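Chemist: Following this message is one structure expressed as structure tokens.
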Number of protein chains: 2
Amino acid sequence: MDSSSVSSRDLRRLPLEWTVGHAAAASAVPSRWVPATVPGAVQLDWARAEGWPEYWKADNFRAYGWMEDVWWTYRTRLPAITVPPDQRLLLQCGGVDYHYEVLLDGREIYAHEGMFSPFELDLTEQAKAGAILEIRIRPAPKVAADRADRAQARYSAKPAVAYEWDWHPRLIPLGIWEETKLVLAPAARMTDVAVTYELDVAARTAQARFSIATTPAAEGATWHWRVRRPDGPTIASGESVVVGQSAEAKPLLGGLELWWPHDQGAQPLYTIEFTLIDRTDRELDVHQQRIGFRRAKLVMHEGAWDEPSGFPKSRSNPPFTLEINGRAIFCRGTNWVPPEIFPGTITRATYVPLLERALRANMNLLRSWGGGIINKESFFDLCDELGLMVWQEFPLACNCYPDDARYLSVLDAESRAIIKRLRPHASLVMWSGGNELFNSWSGMTDQSWALRLLNRNCYDLDPATPFIPTSPLDGVGHGDYRFRGESGREVHQIFAGAAKTAYTEFGCPGPSSVEYLKRFIPEPELWPVRYGTAWETHHGLRAWTPQEESSWLCPETIAHYFGEPENLEALVAGGQWLQCEGYKVLFEEARRQKPRSSMALNWCYNEPWPSAANNSLINWPCEEKPAFHAVASACRAVMPSAKIPKFLWREGESFEAELWLFNDSPAALDTGVLEAFVVIGQQEHLALRWEVPASAANRHVRGPAMRFSLPLNTDADRFTVRLSYGGRLPGTTTYTMPLRHAAPAR
Amino acid sequence: MDSSSVSSRDLRRLPLEWTVGHAAAASAVPSRWVPATVPGAVQLDWARAEGWPEYWKADNFRAYGWMEDVWWTYRTRLPAITVPPDQRLLLQCGGVDYHYEVLLDGREIYAHEGMFSPFELDLTEQAKAGAILEIRIRPAPKVAADRADRAQARYSAKPAVAYEWDWHPRLIPLGIWEETKLVLAPAARMTDVAVTYELDVAARTAQARFSIATTPAAEGATWHWRVRRPDGPTIASGESVVVGQSAEAKPLLGGLELWWPHDQGAQPLYTIEFTLIDRTDRELDVHQQRIGFRRAKLVMHEGAWDEPSGFPKSRSNPPFTLEINGRAIFCRGTNWVPPEIFPGTITRATYVPLLERALRANMNLLRSWGGGIINKESFFDLCDELGLMVWQEFPLACNCYPDDARYLSVLDAESRAIIKRLRPHASLVMWSGGNELFNSWSGMTDQSWALRLLNRNCYDLDPATPFIPTSPLDGVGHGDYRFRGESGREVHQIFAGAAKTAYTEFGCPGPSSVEYLKRFIPEPELWPVRYGTAWETHHGLRAWTPQEESSWLCPETIAHYFGEPENLEALVAGGQWLQCEGYKVLFEEARRQKPRSSMALNWCYNEPWPSAANNSLINWPCEEKPAFHAVASACRAVMPSAKIPKFLWREGESFEAELWLFNDSPAALDTGVLEAFVVIGQQEHLALRWEVPASAANRHVRGPAMRFSLPLNTDADRFTVRLSYGGRLPGTTTYTMPLRHAAPAR
């Protein structure tokens with residue numbers, strides 16, 4: 001059952017009261033039942049019943065460890081109901097996390113492994129009033145022999161992030177996480193719908209294929225289909241009789257308005273309505289869905305067929321330029337991670353402020369990272385509406401998922417459910433097998449059966465949407481994630497020396513604000529920052545690789561530029577300054593390399609719980625960090641930019657930077673003027689005035705280098721370079737850097 | 001219908017006499033009918049009727065040009081036959097080349113595009129005695145706008161080679177090319193069979209799955225299945241009733257002897273028998289097929305996970321080491337091309353001498369190249385028996401096959417037919433999408449729908465056999481194809497400076513023998529060699545790229561080493577010497593780089609018509625060139641080898657070469673002695689005696705360098721280095737090089 005079909009029906013819903021309890025074995029009965037919120041998570045239900053404090057404060061999450069390893073059972077009692085003869089009593093569930101059985105009066109009626117497959121059970125014949133319905137969830141899947149980290153997830157389709165990541169605590173959610181309801185539904189109804197199309201971009205026509213499957217009771221009914229324009233009028237309709245529990249239509253739809261990412265055009269969403277009608281003209285069942293018409297491809301970038309000079313080609317410089325409706329789109333965006341540890345708590349209201357901010361940050365693509373969940377339907381609905389493109393990964397990350405029949409059968413079912421649910425969405429522009437699978441620590445290759453299976457399923461169910469096996473591929477960059485790394489290499493040099501086809505992960509960490517830190521770090525642990533405190537639990541310290549013990553706070557880097565901070569406020573101010581300026585430099589350099597480079601996606605956008613420090617731009621649940629605004633600035637489609645060689649400058653030094661005008665817009669730009677100022681204290685100096693020539697659509701303009709002698713004997717400890725562009729789309733870009741007075745400090 | 005199933009039945013065959021004629025349009029009736037040989041080719045039938053000379057002599061092939069563009073019709077009259085009530089009258093056809101309709105008394109009853117799909121038509125109800133059966137073949141598929149070369153094949157599944165290649169004339173075969181017969185078959189019979197298994201190598205058990213589909217008349221019949229050991233006894237059997245036109249069994253087979261390539265072990269072929277039996281115990285239908293149990297994988301070579309130092313990995317050094325039954329196998333082999341221009345003439349007798357010679361040449365793998373046909377069943381039967389592994393490509397080569405629904409539907413049907421036919425063969429160890437598709441002149445990428453479709457079909461129908469999208473992939477080498485190329489680089493330097501994961505194409509051209517040349521080059525054109533003669537038609541000149549006008553004879557290279565030849569005999573002798581020594585150097589260097597390198601496959605093994613010069617080892621139809629013996633020497637599993645830096649030496653020069661003992665065998669080697677001699681005229685000098693240490697199975701041993709001062713003032717114009725290894729598997733390797741007397745000639 002396609003969940004968008006489920007959700008569009010106006011069914012009579014019957015109330016269910018759920019309780020939940022746990023036991024040590026499948027055969028044992030829980031000794032205590034507590035009220036359960038559905039959808040939700042067993043952990044939250046239990047904690048609520050026990051009156052526990054917030055899981056996200058200090059190291060409270062540790063209290064939940066045992067919950068991974070017990071058997072949880074949800075229980076409810078069916079209401080007294082007489083099912084009319086032309087109706088059926090259905091249990092409709094969007095998803096249960098993770099491996100579970102459904103029991104009716106103790107008898108198993110359904111079982112499934114995997115949180116992403118919805119299911120529908122017809123209880124009409126079996127359910128007596130007062131029957132006990134249970135959903136019994138097995139302990140979290142683990143490869144027993146492995147250490148307690150992501151490797152334990154390598155035999156399952158459970159998102160690996162919950163097993164611990166460098167910004168996620170070890171806390172594995174379990175429970176009914178998607179909407180689950182008991183309904184009275186028409187006996188004659190649609191059980192599956194499919195809408196696919198092949199788009200002729202130039203002609204603005206789509207050869208569409210609509211099909212339905214029905215229950216046996218719908219045999220002989222009339223199926224009406226209708227396509228409505230975004231503003232209401234019908235552009236095509238038809239009807240046919242349901243024969244053999246199915247019906248199909250292949251209309252050619254003309255005069256279409258195409259769907260575009262928000263920075264390239266409009267987001268017209270057509271409505272498709274399917275109605276089943278019986279012989280007396282009575283409406284039996286209705287399905288409604290929206291559709292945006294667009295064509296997505298991954299193509300080689302300009303010049304890629306010339307590299308290397310020999311052959312083969314196309315893998316060292318893989319096709320990674322996203323083309324929408326035949327137009328190459330530079331993707332400015334970010335990596336999206338689960339916005340909550342417990343996905344059952346996510347609603348449309350969770351997504352709205354996050355996605356609206358992505359739009360405000362001038363981003364056009366979100367990479368929905370393979371370590372996390374597949375988002376709920378409202379995420380994709382919103383992306384369709386907002387014109388935000390989504391790169392969706394399957395739930396594989398940083399592991400070697402095996403060529404094993406049992407695992408592959410789970411992945412097969414889960415991936416099919418995911419593809420069928422998401423394919424109607426115009427915003428879904430590319431699929432990826434998962435995160436960082438072609439690495440020595442994961443050990444997968446193009447021969448891995450899991451990746452061949454995913455390529456197969458995407459080709460079968462959604463062939464027109466590109467598929468890549470993983471990110472990064474050769475020629476694509478992940479990293480770095482530091483402002484200043486080995487041998488003093490700064491963000492300014494990392495990309496300047498690279499030539500990637502796409503930068504699909506890069507990070508620059510920064511601490512959360514003082515006020516925010518105080519909410520979850522106990523007062524005595526706040527200052528000075530120490531190992532073994534909530535600073536560590538909340539990924540300010542010992543978060544990343546063993547070599548990067550100070551991540552993500554990186555106090556030694558802050559001290560390197562600004563000296564040892566005297567207090568928490570100074571530490572945070574320094575760290576946030578670095579994160580802001582680092583992200584500007586990274587985004588802008590990745591953009592400068594267009595058209596070789598085609599994507600700039602930072603790691604990461606959001607976070608699922610409060611971090612002490614992180615590469616994120618938005619603190620959980622939705623609080624903008626200063627870096628959010630820096631990235632919003634660096635992602636404007638049209639903007640002036642300076643290629644700045646380093647961060648720290650000395651009095652008297654000659655500041656030099658190459659000037660650029662970025663244009664990712666689909667419009668050509670007229671001539672304009674770009675003025676470069678250096679601001680020191682109250683003094684503002686015009687360093688260069690550049691008459692920017694006219695530029696073609698979607699083309700940057702490379703300009704002259706500005707040069708300015710930084711003064712001696714100033715009181716200022718910093719200076720700002722301000723670029724002011726006065727063309728048709730005016731804008732200002734600023735960079736603030738420290739100014740060192742003494743002789744070289746190192 | 002699985003063709004191996006068809007062929008295993010003992011059906012009553014009815015005689016058919018075919019004629020063939022041509023017309024200018026589909027609607028026109030041929031004005032003349034000539035006798036047709038089935039299987040065969042329309043070109044051969046017509047030429048026979050016209051009394052034309054051999055197509056393969058001189059430039060006679062040009063007379064066939066018009067035959068591409070007309071409509072050919074095969075015609076036969078059905079015999080008078082009364083079909084018994086429990087039987088059916090079937091037309092069974094293994095394949096028609098290329099796009100055709102079948103007509104019965106002028107009415108179309110079947111149509112198909114593609115030569116690789118067999119078909120079966122039940123004529124029982126429709127065929128009256130004396131009815132006219134026709135197979136009407138459309139003109140050869142061509143992209144009309146393209147020039148008359150392989151590009152014309154880029155919209156079809158027709159093998160591209162016939163459109164002209166650097167060793168194949170423009171001559172596009174058409175016709176019924178596979179066995180085609182009218183039979184009386186039981187009404188209750190199997191229509192499809194599938195045998196798959198998952199092998200546990202260590203336990204020598206296979207979890208098998210046997211399934212059949214049947215005609216409706218077989219409903220309720222009993223299906224017996226039986227597995228026999230190669231020596232006869234049954235190891236497993238069972239039976240079940242056919243329900244809903246199908247039956248299935250999933251036996252676990254134990255105590256299996258595994259199938260190995262011939263240099264690694266035995267080739268036990270089990271027999272699987274399926275029998276349908278009715279209620280009176282009468283045998284209705286029988287299917288028999290052989291099966292060899294083996295597991296094939298493509299894995300990363302030793303050390304590949306360490307390169308590059310960063311990530312991603314696994315694409316720059318792709319998994320290209322073929323592992324059979326868990327053992328890494330170094331593949332010594334060659335590229336197989338169609339053994340005839342007209343595939344309809346190929347029989348088992350065509351394959352036998354060619355494949356037996358591959359065995360004698362110590363080869364263990366044939367790459368069945370994507371520009372050519374998929375071979376007939378007997379090819380794979382022989383490879384199963386001989387222990388020759390096959391890498392099979394689909395019919396895509398050097399073109400950009402489009403993301404086009406019509407083309408993809410043809411490729412889908414053809415590839416499914418190919419996979420279903422070949423998958424029972426143990427010898428079939430890897431699939432490839434086609435030849436050289438990731439190049440600027442072909443322009444395909446991992447995003448190409450044709451390649452995603454082929455991955456899908458292979459994964460659906462034969463998941464356990466590896467699939468690659470094309471060859472070469474990054475890290476894999478195709479080329480070079482010259483003894484001496486730009487700036488004087490010789491075969492000795494080409495691979496010595498490379499570090500490929502596999503060398504899957506490399507060539508060294510050589511002329512055919514004088515006696516052979518005389519058979520197809522008219523006497524007046526034989527000498528001196530000139531452009532515009534049969535030397536050019538038969539690919540001795542202007543065969544390859546425009547820059548290589550002298551290919552494949554390369555007379556300037558011959559003259560460079562040996563001076564201007566005085567006659568044809570001297571030219572041929574010089575060219576053959578270069579081919580022999582060139583191939584030794586190339587094969588041995590590719591082998592020396594094991595385990596990074598995992599394959600050494602030269603271009604090419606055979607040829608479809610007589611070449612004046614070619615990279616081939618065997619002249620059409622099956623005559624060994626001297627290079628055949630050189631390659632046989634260089635492909636011995638255990639052999640001494642010298643790494644020789646160049647070809648041409650001068651008197652007084654110090655000859656130096658590193659000594660190696662190659663061991664590709666599954667056995668460890670004891671200590672042995674390797675003696676290196678330099679033979680000049682009648683004089684033999686022992687240059688080095690090396691006590692070779694014991695070596696592990698499948699491991700080469702690198703030895704010391706031999707050094708020898710070439711004498712001054714000798715009469716000899718050449719010298720031979722002879723390596724004599726006296727271990728458990730003794731062997732001798734020789735290399736003969738020219739000795740220059742005068743001062744440096746260049």
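Identifiers in the structure tokens: chain A, B, ... in order shown; residue index from 1 per chain; ligand index from 1 in order shown.
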When DSSP is applied to the backbone of this structure, which of segment 330-484 of chain B are assigned strand (DSSP E)? Write them out as a ChimeraX atom specification.
Modeler: /B:331-336,365-368,389-393,428-432,467-468,476-478
Chemist: Within 9 Å of chain A, which residues of chain B show up when using only C-alpha atoms, listed as a VMD selection string?
Modeler: chain B and resid 297 to 300 305 to 306 310 to 316 318 to 319 436 to 440 443 to 447 449 452 to 453 455 to 457 459 to 460 463 to 464 466 to 468 471 to 478
Chemist: I'd like the neighbourhood of segment 694-704 of chain A as a PyMOL selection string, where a residue qualifies if any of its atoms comes within 9 Å (using only C-alpha atoms), though same-chain residues fewer than 4 positions away should be ignored.
Modeler: chain A and resi 328-330+592+594-595+638+657-672+688+690
Chemist: For the residues in that selection, give me N, CA and C atoms as a short mmCIF file (atom, residue, chain, number, x, y, z; two decimals), in the first residue's frame.
Modeler:
data_model
loop_
_atom_site.label_atom_id
_atom_site.label_comp_id
_atom_site.auth_asym_id
_atom_site.auth_seq_id
_atom_site.Cartn_x
_atom_site.Cartn_y
_atom_site.Cartn_z
N ALA A 328 21.96 22.67 -16.27
CA ALA A 328 22.89 22.30 -15.20
C ALA A 328 22.66 23.22 -14.01
N ILE A 329 22.48 22.62 -12.85
CA ILE A 329 22.19 23.39 -11.64
C ILE A 329 23.37 23.26 -10.70
N PHE A 330 23.95 24.35 -10.25
CA PHE A 330 24.95 24.24 -9.20
C PHE A 330 24.21 24.05 -7.88
N ARG A 592 33.48 28.52 -6.62
CA ARG A 592 34.38 29.14 -7.60
C ARG A 592 34.79 28.15 -8.68
N LYS A 594 33.14 25.94 -10.24
CA LYS A 594 32.14 25.64 -11.27
C LYS A 594 32.73 25.98 -12.64
N PRO A 595 32.50 25.23 -13.72
CA PRO A 595 31.58 24.10 -13.82
C PRO A 595 32.20 22.73 -13.51
N VAL A 638 23.58 35.00 -6.63
CA VAL A 638 24.42 36.05 -7.22
C VAL A 638 25.07 36.80 -6.08
N ALA A 657 43.61 39.50 -2.46
CA ALA A 657 42.51 38.56 -2.69
C ALA A 657 41.95 38.78 -4.09
N GLU A 658 41.66 37.68 -4.76
CA GLU A 658 41.09 37.76 -6.10
C GLU A 658 39.59 37.98 -5.97
N LEU A 659 39.05 38.85 -6.79
CA LEU A 659 37.62 39.16 -6.71
C LEU A 659 36.84 38.38 -7.77
N TRP A 660 35.65 37.99 -7.41
CA TRP A 660 34.77 37.24 -8.31
C TRP A 660 33.36 37.76 -8.18
N LEU A 661 32.62 37.59 -9.25
CA LEU A 661 31.17 37.75 -9.13
C LEU A 661 30.56 36.39 -9.45
N PHE A 662 29.88 35.81 -8.48
CA PHE A 662 29.23 34.50 -8.68
C PHE A 662 27.87 34.70 -9.31
N ASN A 663 27.54 33.85 -10.25
CA ASN A 663 26.19 33.85 -10.82
C ASN A 663 25.73 32.42 -11.06
N ASP A 664 24.89 31.94 -10.19
CA ASP A 664 24.26 30.62 -10.36
C ASP A 664 22.83 30.78 -10.87
N SER A 665 22.45 31.98 -11.17
CA SER A 665 21.06 32.19 -11.55
C SER A 665 20.85 31.86 -13.02
N PRO A 666 19.62 31.60 -13.40
CA PRO A 666 19.35 31.29 -14.80
C PRO A 666 19.30 32.54 -15.67
N ALA A 667 19.60 33.70 -15.09
CA ALA A 667 19.55 34.94 -15.87
C ALA A 667 20.96 35.45 -16.13
N ALA A 668 21.15 36.02 -17.31
CA ALA A 668 22.39 36.73 -17.59
C ALA A 668 22.43 37.99 -16.74
N LEU A 669 23.64 38.48 -16.47
CA LEU A 669 23.77 39.71 -15.67
C LEU A 669 24.35 40.81 -16.53
N ASP A 670 23.80 42.00 -16.38
CA ASP A 670 24.37 43.17 -17.05
C ASP A 670 25.67 43.56 -16.37
N THR A 671 26.30 44.56 -16.91
CA THR A 671 27.49 45.08 -16.24
C THR A 671 27.10 45.64 -14.89
N GLY A 672 28.08 45.73 -14.01
CA GLY A 672 27.82 46.28 -12.67
C GLY A 672 29.15 46.74 -12.09
N LEU A 688 39.56 48.67 -4.14
CA LEU A 688 39.47 48.42 -5.59
C LEU A 688 38.04 48.66 -6.04
N TRP A 690 35.86 47.61 -9.33
CA TRP A 690 35.94 46.73 -10.52
C TRP A 690 34.66 46.86 -11.33
#
Chemist: B:Thr732, B:Ser240, B:Ser551, B:Asn567: which is nearest Trp167 of chain B, counting only C-alpha atoms?
Modeler: B:Ser551
Chemist: List the spatial neighbours of Trp165 of chain A as JSON, numbers by chain - criterion: any atom at most 8 Å away, only C-alpha atoms, same-chain residues fewer than 6 positions off excluded.
Modeler: {"A": [149, 150, 543]}
Chemist: Looking at only C-alpha atoms, which of B:Phe119, B:Leu258, B:Glu248, B:Pro402 is the one that sits closest to Val143 of chain B?
Modeler: B:Pro402
Chemist: Tell me which of A:Ala218, A:Leu354, A:Ala23, A:Met363 sits closest to Trp620 of chain A, counting only C-alpha atoms.
Modeler: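 Counting only C-alpha atoms, the residue closest to Trp620 of chain A is A:Leu354.
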